[in-house]
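Containing mmCIF, C-alpha atoms and all ligand atoms: my_file-v6.cif.
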```
data_upload
loop_
_atom_site.label_atom_id
_atom_site.label_comp_id
_atom_site.auth_asym_id
_atom_site.auth_seq_id
_atom_site.Cartn_x
_atom_site.Cartn_y
_atom_site.Cartn_z
CA MET C 141 -14.13 -19.14 -12.47
CA ARG C 142 -11.22 -17.46 -14.28
CA PHE C 143 -11.14 -13.83 -13.25
CA ILE C 144 -9.99 -11.18 -15.71
CA THR C 145 -6.45 -10.06 -14.92
CA GLU C 146 -5.36 -8.60 -18.25
CA ILE C 147 -7.32 -5.41 -18.23
CA LYS C 148 -7.96 -2.90 -20.97
CA THR C 149 -10.94 -1.04 -19.50
CA PHE C 150 -11.00 0.19 -15.91
CA ALA C 151 -14.29 1.37 -14.35
CA ALA C 152 -14.28 3.91 -11.53
CA LEU C 153 -17.43 4.59 -9.51
CA GLY C 154 -17.19 7.68 -7.32
CA SER C 155 -14.72 10.27 -8.57
CA GLY C 156 -13.84 12.30 -5.50
CA VAL C 157 -10.35 12.44 -3.99
CA ILE C 158 -9.76 8.69 -4.19
CA GLY C 159 -11.78 7.81 -7.30
CA SER C 160 -9.97 10.50 -9.29
CA GLY C 161 -6.65 9.14 -8.00
CA TRP C 162 -7.55 5.68 -9.36
CA VAL C 163 -8.59 7.24 -12.67
CA ALA C 164 -5.24 9.08 -12.95
CA ARG C 165 -3.27 5.91 -12.11
CA ALA C 166 -5.22 3.77 -14.60
CA LEU C 167 -4.91 6.36 -17.39
CA ALA C 168 -1.17 6.71 -16.74
CA HIS C 169 -0.89 2.94 -17.18
CA GLY C 170 -2.37 3.21 -20.67
CA LEU C 171 -5.88 1.96 -19.89
CA ASP C 172 -9.27 3.13 -21.10
CA VAL C 173 -11.19 4.46 -18.12
CA VAL C 174 -14.94 4.81 -17.71
CA ALA C 175 -16.11 6.84 -14.73
CA TRP C 176 -19.43 7.55 -13.01
CA ASP C 177 -20.30 9.84 -10.13
CA PRO C 178 -23.81 11.14 -9.32
CA ALA C 179 -22.75 14.61 -8.12
CA PRO C 180 -23.53 17.63 -10.32
CA GLY C 181 -20.32 18.90 -11.94
CA ALA C 182 -18.50 15.65 -11.14
CA GLU C 183 -17.03 15.22 -14.64
CA ALA C 184 -15.41 18.67 -14.69
CA ALA C 185 -14.07 18.20 -11.14
CA LEU C 186 -12.63 14.79 -12.09
CA ARG C 187 -10.90 16.07 -15.24
CA LYS C 188 -9.43 18.96 -13.23
CA ARG C 189 -8.03 16.61 -10.57
CA VAL C 190 -6.55 14.29 -13.20
CA ALA C 191 -4.94 17.28 -14.95
CA ASN C 192 -3.42 18.41 -11.65
CA ALA C 193 -1.88 14.96 -11.13
CA TRP C 194 -0.69 14.49 -14.71
CA GLY C 195 2.56 16.48 -14.32
CA ALA C 196 3.73 14.13 -11.56
CA LEU C 197 2.69 11.10 -13.59
CA GLU C 198 4.62 12.37 -16.62
CA LYS C 199 7.71 12.81 -14.43
CA GLN C 200 7.28 9.25 -13.16
CA GLY C 201 6.84 7.95 -16.70
CA LEU C 202 3.65 7.21 -18.64
CA ALA C 203 2.86 3.87 -20.30
CA PRO C 204 2.77 3.85 -24.11
CA GLY C 205 -0.53 5.31 -25.32
CA ALA C 206 -1.40 6.80 -21.95
CA SER C 207 -3.65 9.80 -22.35
CA GLN C 208 -6.16 11.84 -20.37
CA ASP C 209 -8.36 11.66 -23.50
CA ARG C 210 -9.00 7.98 -22.80
CA LEU C 211 -11.30 8.93 -19.91
CA ARG C 212 -15.02 8.64 -20.68
CA PHE C 213 -17.56 9.91 -18.17
CA VAL C 214 -20.99 8.20 -18.24
CA THR C 215 -24.31 8.86 -16.56
CA THR C 216 -25.34 5.43 -15.27
CA ILE C 217 -23.79 2.69 -13.16
CA GLU C 218 -24.64 0.13 -15.84
CA ALA C 219 -22.87 2.07 -18.62
CA CYS C 220 -19.86 2.43 -16.35
CA VAL C 221 -19.38 -1.24 -15.56
CA LYS C 222 -20.92 -3.33 -18.35
CA ASP C 223 -17.79 -3.58 -20.52
CA ALA C 224 -15.22 -3.10 -17.76
CA ASP C 225 -12.47 -5.64 -17.12
CA PHE C 226 -11.88 -4.32 -13.59
CA ILE C 227 -14.11 -2.20 -11.38
CA GLN C 228 -13.07 0.02 -8.49
CA GLU C 229 -15.67 1.65 -6.25
CA SER C 230 -14.69 4.81 -4.33
CA ALA C 231 -18.06 6.02 -3.06
CA PRO C 232 -18.65 7.67 0.35
CA GLU C 233 -17.75 5.62 3.41
CA ARG C 234 -21.28 4.56 4.37
CA LEU C 235 -22.21 0.93 4.76
CA GLU C 236 -25.80 1.22 3.50
CA LEU C 237 -24.71 3.23 0.45
CA LYS C 238 -21.98 0.74 -0.50
CA LEU C 239 -24.32 -2.23 0.06
CA GLU C 240 -26.91 -0.81 -2.33
CA LEU C 241 -24.33 0.37 -4.86
CA HIS C 242 -22.54 -3.00 -5.02
CA GLY C 243 -25.87 -4.75 -5.61
CA LYS C 244 -26.25 -2.66 -8.77
CA ILE C 245 -22.59 -2.76 -9.86
CA SER C 246 -22.27 -6.53 -9.56
CA ALA C 247 -25.57 -7.20 -11.34
CA ALA C 248 -24.47 -5.16 -14.37
CA ALA C 249 -20.80 -6.25 -14.52
CA LYS C 250 -19.31 -9.16 -16.44
CA PRO C 251 -19.42 -12.15 -14.04
CA ASN C 252 -15.64 -12.64 -14.14
CA ALA C 253 -14.69 -8.97 -13.78
CA LEU C 254 -13.12 -8.34 -10.38
CA ILE C 255 -14.70 -5.67 -8.19
CA GLY C 256 -12.59 -3.73 -5.71
CA SER C 257 -13.74 -1.26 -3.06
CA SER C 258 -11.56 1.57 -1.78
CA THR C 259 -13.16 1.47 1.68
CA SER C 260 -10.82 2.55 4.47
CA GLY C 261 -12.08 -0.01 6.93
CA LEU C 262 -15.64 -1.27 6.37
CA LEU C 263 -15.99 -5.05 6.22
CA PRO C 264 -16.36 -6.59 2.75
CA SER C 265 -18.52 -9.44 4.12
CA GLU C 266 -21.06 -6.78 5.09
CA PHE C 267 -21.19 -4.47 2.07
CA TYR C 268 -20.89 -7.25 -0.55
CA GLU C 269 -23.73 -9.16 1.18
CA GLY C 270 -26.22 -8.53 -1.67
CA SER C 271 -23.72 -8.77 -4.56
CA THR C 272 -24.02 -11.01 -7.60
CA HIS C 273 -20.99 -13.35 -7.84
CA PRO C 274 -19.54 -12.16 -4.52
CA GLU C 275 -16.61 -14.54 -5.02
CA ARG C 276 -14.94 -11.86 -7.25
CA CYS C 277 -15.41 -9.00 -4.74
CA VAL C 278 -12.49 -7.64 -2.71
CA VAL C 279 -11.34 -4.55 -0.87
CA GLY C 280 -8.45 -2.70 -2.53
CA HIS C 281 -7.71 0.03 0.01
CA PRO C 282 -5.35 2.63 -1.49
CA PHE C 283 -3.52 5.60 -0.01
CA ASN C 284 -3.75 9.22 -0.99
CA PRO C 285 -2.48 10.20 -3.57
CA VAL C 286 -3.56 6.94 -5.18
CA TYR C 287 -1.67 7.70 -8.41
CA LEU C 288 1.72 7.79 -6.62
CA LEU C 289 1.60 5.77 -3.38
CA PRO C 290 2.20 2.08 -4.10
CA LEU C 291 0.42 0.47 -1.13
CA VAL C 292 -2.96 -1.18 -1.62
CA GLU C 293 -4.41 -3.38 1.12
CA VAL C 294 -6.27 -6.33 -0.39
CA VAL C 295 -8.95 -7.85 1.84
CA GLY C 296 -11.45 -10.61 1.12
CA GLY C 297 -14.86 -11.18 2.70
CA LYS C 298 -16.49 -14.44 3.70
CA ASN C 299 -17.58 -15.15 0.11
CA THR C 300 -14.41 -14.01 -1.69
CA ALA C 301 -12.60 -16.79 -3.57
CA PRO C 302 -8.88 -17.13 -2.72
CA GLU C 303 -8.20 -17.00 -6.49
CA ALA C 304 -9.93 -13.61 -6.62
CA ILE C 305 -7.50 -12.25 -4.02
CA GLN C 306 -4.59 -13.49 -6.12
CA ALA C 307 -6.14 -12.13 -9.30
CA ALA C 308 -6.72 -8.71 -7.68
CA ILE C 309 -3.11 -8.68 -6.50
CA THR C 310 -2.04 -9.37 -10.11
CA VAL C 311 -4.16 -6.49 -11.41
CA TYR C 312 -2.98 -4.01 -8.77
CA GLU C 313 0.62 -5.01 -9.50
CA SER C 314 0.00 -4.37 -13.19
CA LEU C 315 -0.96 -0.85 -12.14
CA GLY C 316 2.43 -0.42 -10.45
CA MET C 317 1.20 -0.98 -6.90
CA ARG C 318 2.53 -2.89 -3.90
CA PRO C 319 -0.42 -5.01 -2.68
CA LEU C 320 -0.50 -6.18 0.91
CA HIS C 321 -2.89 -9.07 1.56
CA VAL C 322 -4.68 -8.49 4.87
CA ARG C 323 -5.37 -12.10 5.78
CA LYS C 324 -7.97 -11.46 8.51
CA GLU C 325 -11.02 -9.33 7.82
CA VAL C 326 -10.90 -6.73 10.62
CA PRO C 327 -12.29 -3.16 10.77
CA GLY C 328 -9.67 -0.61 9.70
CA PHE C 329 -7.43 -3.36 8.21
CA ILE C 330 -3.74 -2.81 9.11
CA ALA C 331 -2.64 0.66 8.02
CA ASP C 332 -5.65 2.63 9.21
CA ARG C 333 -5.53 0.94 12.62
CA LEU C 334 -2.08 2.48 12.95
CA LEU C 335 -2.87 5.84 11.36
CA GLU C 336 -6.03 6.27 13.39
CA ALA C 337 -4.22 5.66 16.69
CA LEU C 338 -1.77 8.42 15.75
CA TRP C 339 -4.60 10.73 14.68
CA ARG C 340 -6.48 10.22 17.96
CA GLU C 341 -3.41 11.12 20.00
CA ALA C 342 -2.81 14.17 17.79
CA LEU C 343 -6.36 15.38 18.45
CA HIS C 344 -5.86 14.92 22.21
CA LEU C 345 -2.65 16.97 22.04
CA VAL C 346 -4.60 19.83 20.38
CA ASN C 347 -7.55 19.43 22.74
CA ASP C 348 -5.30 19.54 25.81
CA GLY C 349 -3.50 22.64 24.54
CA VAL C 350 -0.17 20.81 24.40
CA ALA C 351 0.65 21.74 20.80
CA THR C 352 -0.76 23.34 17.67
CA THR C 353 -1.58 21.31 14.57
CA GLY C 354 1.59 22.73 12.95
CA GLU C 355 3.82 21.71 15.87
CA ILE C 356 2.38 18.19 15.85
CA ASP C 357 3.02 17.93 12.11
CA ASP C 358 6.61 19.13 12.70
CA ALA C 359 7.03 16.37 15.29
CA ILE C 360 6.30 13.85 12.54
CA ARG C 361 7.89 15.33 9.44
CA PHE C 362 11.34 16.10 10.91
CA GLY C 363 11.57 12.82 12.81
CA ALA C 364 9.78 9.51 12.43
CA GLY C 365 8.17 10.58 9.14
CA LEU C 366 11.55 10.71 7.42
CA ARG C 367 12.50 7.19 8.40
CA TRP C 368 9.05 5.70 7.82
CA SER C 369 9.47 5.97 4.06
CA PHE C 370 12.02 3.19 4.06
CA MET C 371 11.82 1.42 7.45
CA GLY C 372 8.79 0.55 9.56
CA THR C 373 8.35 0.79 13.33
CA PHE C 374 9.45 -2.75 14.24
CA LEU C 375 12.75 -2.69 12.35
CA THR C 376 13.43 0.91 13.43
CA TYR C 377 13.01 -0.08 17.09
CA THR C 378 15.20 -3.14 16.59
CA LEU C 379 18.02 -0.78 15.58
CA ALA C 380 17.12 1.47 18.54
CA GLY C 381 17.94 -1.47 20.82
CA GLY C 382 21.61 -1.26 19.74
CA ASP C 383 23.61 -4.44 19.19
CA ALA C 384 21.24 -6.38 21.44
CA GLY C 385 18.36 -5.42 19.14
CA MET C 386 14.69 -5.85 19.95
CA ARG C 387 15.18 -7.85 23.17
CA HIS C 388 17.09 -4.96 24.77
CA PHE C 389 14.64 -2.45 23.30
CA MET C 390 11.69 -4.32 24.86
CA ALA C 391 13.46 -4.53 28.23
CA GLN C 392 14.28 -0.82 28.24
CA PHE C 393 11.13 0.71 26.70
CA GLY C 394 8.51 -2.01 27.24
CA PRO C 395 7.73 -0.89 30.83
CA ALA C 396 6.93 2.64 29.56
CA LEU C 397 3.97 1.11 27.73
CA GLN C 398 2.33 0.79 31.16
CA LEU C 399 2.67 4.55 31.77
CA PRO C 400 -0.35 6.63 30.75
CA TRP C 401 1.33 8.31 27.77
CA THR C 402 -1.45 7.62 25.33
CA TYR C 403 -5.24 7.94 25.58
CA LEU C 404 -6.40 5.88 22.56
CA PRO C 405 -10.18 6.57 22.90
CA ALA C 406 -10.81 9.58 20.68
CA PRO C 407 -11.58 12.97 22.27
CA GLU C 408 -15.10 14.33 21.89
CA LEU C 409 -15.22 16.34 18.66
CA THR C 410 -16.52 19.53 20.28
CA ASP C 411 -17.03 22.66 18.14
CA LYS C 412 -14.06 24.18 19.99
CA LEU C 413 -11.75 21.30 19.02
CA ILE C 414 -12.95 21.31 15.42
CA ASP C 415 -12.37 25.09 15.21
CA GLU C 416 -8.89 24.75 16.69
CA VAL C 417 -7.96 22.04 14.20
CA VAL C 418 -9.43 23.92 11.25
CA ASP C 419 -7.83 27.25 12.30
CA GLY C 420 -4.50 25.53 12.90
CA THR C 421 -4.43 23.88 9.51
CA ARG C 422 -5.59 27.14 7.86
CA ASP C 423 -2.48 28.80 9.34
CA GLN C 424 -0.38 25.91 8.01
CA LEU C 425 -1.86 26.30 4.52
CA GLY C 426 -0.95 30.02 4.49
CA THR C 427 -1.45 31.41 1.00
CA HIS C 428 -1.05 28.05 -0.77
CA SER C 429 -4.02 26.57 -2.61
CA ILE C 430 -4.91 22.89 -2.14
CA SER C 431 -3.98 22.07 -5.74
CA ALA C 432 -0.60 23.85 -5.43
CA LEU C 433 0.09 21.86 -2.26
CA GLU C 434 -0.95 18.66 -4.04
CA ARG C 435 1.67 19.35 -6.72
CA TYR C 436 4.28 20.14 -4.02
CA ARG C 437 3.36 16.89 -2.20
CA ASP C 438 3.59 14.92 -5.45
CA ASP C 439 7.07 16.32 -6.23
CA CYS C 440 8.26 15.47 -2.69
CA LEU C 441 6.85 11.95 -2.99
CA LEU C 442 8.49 11.40 -6.39
CA ALA C 443 11.83 12.54 -4.93
CA VAL C 444 11.46 10.25 -1.89
CA LEU C 445 10.35 7.28 -4.01
CA GLU C 446 13.29 7.75 -6.39
CA ALA C 447 15.80 8.15 -3.55
CA VAL C 448 14.53 5.05 -1.74
CA LYS C 449 14.51 3.04 -4.99
CA THR C 450 18.08 4.04 -5.90
CA THR C 451 19.39 3.44 -2.40
CA LYS C 452 17.72 0.02 -2.15
CA ALA C 453 19.23 -0.93 -5.51
CA LYS C 454 22.69 0.03 -4.16
CA HIS C 455 22.08 -2.43 -1.32
CA GLY C 456 20.93 -5.16 -3.69
CA MET C 457 17.25 -4.80 -2.79
CA SER C 458 14.24 -4.39 -5.05
CA PHE C 459 11.81 -1.54 -4.37
CA ALA C 460 9.07 -3.93 -3.18
CA GLU C 461 11.28 -5.49 -0.46
N1 LIG C 501 -9.77 10.39 1.37
C1 LIG C 501 -8.88 9.48 1.78
O1 LIG C 501 -7.82 9.81 2.31
C2 LIG C 501 -9.13 8.02 1.53
C3 LIG C 501 -10.41 7.52 1.29
N2 LIG C 501 -10.58 6.18 1.03
C4 LIG C 501 -11.91 5.63 0.77
O2 LIG C 501 -12.31 5.98 -0.55
C5 LIG C 501 -13.73 6.12 -0.62
C6 LIG C 501 -14.06 7.48 -1.18
O3 LIG C 501 -13.52 8.47 -0.33
P1 LIG C 501 -13.10 9.93 -0.87
O4 LIG C 501 -12.71 9.86 -2.28
O5 LIG C 501 -12.20 10.48 0.14
O6 LIG C 501 -14.49 10.69 -0.75
P2 LIG C 501 -14.96 11.99 -1.56
O7 LIG C 501 -16.03 12.61 -0.73
O8 LIG C 501 -13.81 12.80 -1.99
O9 LIG C 501 -15.61 11.35 -2.87
C7 LIG C 501 -16.74 10.54 -2.85
C8 LIG C 501 -17.42 10.65 -4.20
O10 LIG C 501 -18.49 9.74 -4.23
C9 LIG C 501 -19.57 10.37 -4.91
N3 LIG C 501 -20.82 9.70 -4.54
C10 LIG C 501 -21.83 10.13 -3.76
N4 LIG C 501 -22.79 9.19 -3.71
C11 LIG C 501 -22.39 8.18 -4.49
C12 LIG C 501 -22.94 6.94 -4.87
N5 LIG C 501 -24.13 6.56 -4.41
N6 LIG C 501 -22.24 6.15 -5.69
C13 LIG C 501 -21.02 6.52 -6.17
N7 LIG C 501 -20.44 7.67 -5.85
C14 LIG C 501 -21.12 8.49 -5.03
C15 LIG C 501 -19.51 11.81 -4.48
O11 LIG C 501 -20.20 12.64 -5.42
C16 LIG C 501 -18.01 12.06 -4.45
O12 LIG C 501 -17.51 12.54 -5.69
C17 LIG C 501 -14.25 5.88 0.79
O13 LIG C 501 -14.67 4.55 0.90
C18 LIG C 501 -13.03 6.14 1.66
O14 LIG C 501 -13.04 5.44 2.88
C19 LIG C 501 -9.52 5.31 0.95
C20 LIG C 501 -8.25 5.75 1.15
C21 LIG C 501 -7.96 7.13 1.53
C1 LIG C 502 -8.43 9.07 6.60
N1 LIG C 502 -8.49 7.77 5.93
C2 LIG C 502 -8.87 6.79 6.93
C3 LIG C 502 -9.52 7.85 4.91
C4 LIG C 502 -7.14 7.55 5.37
C5 LIG C 502 -6.92 6.30 4.59
O1 LIG C 502 -7.76 5.43 4.47
C6 LIG C 502 -5.58 6.06 3.97
C7 LIG C 502 -4.70 7.26 3.75
O2 LIG C 502 -4.53 7.67 2.61
O3 LIG C 502 -4.14 7.77 4.73
#
```
For this file, write the structure as structure tokens.
Amino acid sequence: MRFITEIKTFAALGSGVIGSGWVARALAHGLDVVAWDPAPGAEAALRKRVANAWGALEKQGLAPGASQDRLRFVTTIEACVKDADFIQESAPERLELKLELHGKISAAAKPNALIGSSTSGLLPSEFYEGSTHPERCVVGHPFNPVYLLPLVEVVGGKNTAPEAIQAAITVYESLGMRPLHVRKEVPGFIADRLLEALWREALHLVNDGVATTGEIDDAIRFGAGLRWSFMGTFLTYTLAGGDAGMRHFMAQFGPALQLPWTYLPAPELTDKLIDEVVDGTRDQLGTHSISALERYRDDCLLAVLEAVKTTKAKHGMSFAE
């Protein structure tokens, strides 16, 4: 089967935080977008989110013909997918819901149109179980905000054709993304395994009264967060080993891994902990609205992306390296 990789029409099912991010990215790349979401008021909410992202996308550079007017909102799954060249599902993270939804999506879609799911960690072999032509079904796990962050984890299930993985990578690249093929189908894939470990420890620190949510965020944003935008943990720690590199680093800091610094199992989400986290982040928000902070975040990300791109070029590297 030849899967469609030159896409003109992008279908988005589910238009919450992530679905609307996909819609904004696809529109900015000059595609026609058809969207469906069953919630009352979903179309207005989607158009508002896309409008809030558009300023950042204009600064980054729109493809010729890109326009918010090329978004069409429809009222059925079938109308959303029947003419689509590529389909991206961003529905709630519930296995039963995705299983049922993908049965309907895949039955109505063109047989060679690729189907991607934004799931953060559910297994494609499970939720594509009842799909028609499951060989074209993949996970394309993006990162928020989808319209700016390049990473997309591409994961196949037991029925996914290797050519479909390659074809999905081609499509995501055409949308300006940096696909990472997760070769083994494991819950949480790669990135969320890492992010969730950090998140668990952060919740323990709040629960144990060690730090507020704001202090924990400061511990990230003024330290490791700055270097993570251009260098990952393994290479960073190689440099931290000095001239002897990772071998010296392992000898010096490896034994500390045996000390009980981290808990890993998540704390119980008691009402008290939830209140502390919510109150802490409310203090951090201050008088800023979510959409104002989204625009601030987008401007910061554009600045970081541009700085990393320019600096890599100075060192003879491409952005994707
Ligand atoms: N929020 C995040 O940071 C990230 C979320 N994801 C994944 O993206 C997917 C969507 O998550 P969010 O956008 O955060 O959720 P959300 O709650 O913001 O949006 C979900 C949307 O799905 C709609 N919906 C409800 N039932 C539906 C159905 N049967 N079919 C289609 N749509 C339906 C809702 O009306 C809502 O607009 C999930 O699989 C999640 O794991 C992936 C990366 C990051
Ligand atoms: C919280 N989350 C697991 C849904 C986050 C992601 O999947 C990726 C992200 O954007 O951090």
- Item | Test item: residues lying within 6 Å of ligand LIG 502 (chain C) with all atoms listed in the file, as a PyMOL selection string | chain C and resi 260+283-284+332
- Task: Give the residues close to ligand LIG 501 (chain C), within 10 Å, counting all atoms listed in the file; write them as a PyMOL selection string.
- Result: chain C and resi 152-162+175-183+185-186+217+228-242+245+257-262+279-286+292-293+328+332
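Atom CA of C:Glu146 sits 20.5 Å away from atom CA of C:Ala219.
Straight-line separation from atom CA of C:Gln208 to atom CA of C:Val190: 7.6 Å.
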- Message: So that I can check the surroundings of C:Thr149, please list as a PyMOL selection string every protein, DNA and RNA residue that reaches within 9 Å of it, counting only C-alpha atoms and ignoring chain neighbours fewer than 2 positions away.
- Response: chain C and resi 147+151+166+171-174+223-227
Please produce a file of those selected residues containing C-alpha atoms, as an mmCIF file, in the frame of the given file.
```
data_model
loop_
_atom_site.group_PDB
_atom_site.id
_atom_site.type_symbol
_atom_site.label_atom_id
_atom_site.label_comp_id
_atom_site.auth_asym_id
_atom_site.auth_seq_id
_atom_site.Cartn_x
_atom_site.Cartn_y
_atom_site.Cartn_z
ATOM 1 C CA ILE C 147 -7.320 -5.410 -18.230
ATOM 2 C CA ALA C 151 -14.290 1.370 -14.350
ATOM 3 C CA ALA C 166 -5.220 3.770 -14.600
ATOM 4 C CA LEU C 171 -5.880 1.960 -19.890
ATOM 5 C CA ASP C 172 -9.270 3.130 -21.100
ATOM 6 C CA VAL C 173 -11.190 4.460 -18.120
ATOM 7 C CA VAL C 174 -14.940 4.810 -17.710
ATOM 8 C CA ASP C 223 -17.790 -3.580 -20.520
ATOM 9 C CA ALA C 224 -15.220 -3.100 -17.760
ATOM 10 C CA ASP C 225 -12.470 -5.640 -17.120
ATOM 11 C CA PHE C 226 -11.880 -4.320 -13.590
ATOM 12 C CA ILE C 227 -14.110 -2.200 -11.380
#
```
- Message: With distances taken over only C-alpha atoms, which residue among C:Ala301, C:Trp339, C:Ile309, C:Gly201 lies nearest C:Ala406?
- Response: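 Nearest candidate to C:Ala406 out of C:Ala301, C:Trp339, C:Ile309, C:Gly201: C:Trp339.
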- Between atom CA of C:Lys222 and atom CA of C:Ala248 - distance in Å to one decimal: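 Atom-to-atom, atom CA of C:Ala248 and atom CA of C:Lys222 are spaced 5.6 Å apart.
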- Tell me, as a list in words, which residues lie within 10 Å of stretch 367-381 of chain C, counting all atoms listed in the file; anything in the same chain fewer than 2 positions away does not count.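 My reading of the contact set: Ile360, Arg361, Phe362, Gly363, Ala364, Gly365, Asp383, Ala384, Gly385, Met386, Arg387, His388, Phe389, Met390, Ala391, Gln392, Phe393, Leu441, Val444, Leu445, Ala447, Val448, Lys449, Thr451, Lys452, Phe459 and Glu461 of chain C.
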Just-selected residues, C-alpha atoms written as a PDB file, keeping the file's coordinate frame:
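Dumped everything to part.pdb:
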```
ATOM      1  CA  ILE C 360       6.300  13.850  12.540  1.00  0.00           C
ATOM      2  CA  ARG C 361       7.890  15.330   9.440  1.00  0.00           C
ATOM      3  CA  PHE C 362      11.340  16.100  10.910  1.00  0.00           C
ATOM      4  CA  GLY C 363      11.570  12.820  12.810  1.00  0.00           C
ATOM      5  CA  ALA C 364       9.780   9.510  12.430  1.00  0.00           C
ATOM      6  CA  GLY C 365       8.170  10.580   9.140  1.00  0.00           C
ATOM      7  CA  ASP C 383      23.610  -4.440  19.190  1.00  0.00           C
ATOM      8  CA  ALA C 384      21.240  -6.380  21.440  1.00  0.00           C
ATOM      9  CA  GLY C 385      18.360  -5.420  19.140  1.00  0.00           C
ATOM     10  CA  MET C 386      14.690  -5.850  19.950  1.00  0.00           C
ATOM     11  CA  ARG C 387      15.180  -7.850  23.170  1.00  0.00           C
ATOM     12  CA  HIS C 388      17.090  -4.960  24.770  1.00  0.00           C
ATOM     13  CA  PHE C 389      14.640  -2.450  23.300  1.00  0.00           C
ATOM     14  CA  MET C 390      11.690  -4.320  24.860  1.00  0.00           C
ATOM     15  CA  ALA C 391      13.460  -4.530  28.230  1.00  0.00           C
ATOM     16  CA  GLN C 392      14.280  -0.820  28.240  1.00  0.00           C
ATOM     17  CA  PHE C 393      11.130   0.710  26.700  1.00  0.00           C
ATOM     18  CA  LEU C 441       6.850  11.950  -2.990  1.00  0.00           C
ATOM     19  CA  VAL C 444      11.460  10.250  -1.890  1.00  0.00           C
ATOM     20  CA  LEU C 445      10.350   7.280  -4.010  1.00  0.00           C
ATOM     21  CA  ALA C 447      15.800   8.150  -3.550  1.00  0.00           C
ATOM     22  CA  VAL C 448      14.530   5.050  -1.740  1.00  0.00           C
ATOM     23  CA  LYS C 449      14.510   3.040  -4.990  1.00  0.00           C
ATOM     24  CA  THR C 451      19.390   3.440  -2.400  1.00  0.00           C
ATOM     25  CA  LYS C 452      17.720   0.020  -2.150  1.00  0.00           C
ATOM     26  CA  PHE C 459      11.810  -1.540  -4.370  1.00  0.00           C
ATOM     27  CA  GLU C 461      11.280  -5.490  -0.460  1.00  0.00           C
TER      28      GLU C 461
END
```
- Query: Looking at all atoms listed in the file, which of C:Leu345, C:Ser429, C:Leu397, C:Gln306 is the one that sits closest to C:Thr145?
  - Reply: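 Of C:Leu345, C:Ser429, C:Leu397, C:Gln306, the one nearest C:Thr145, counting all atoms listed in the file, is C:Gln306.
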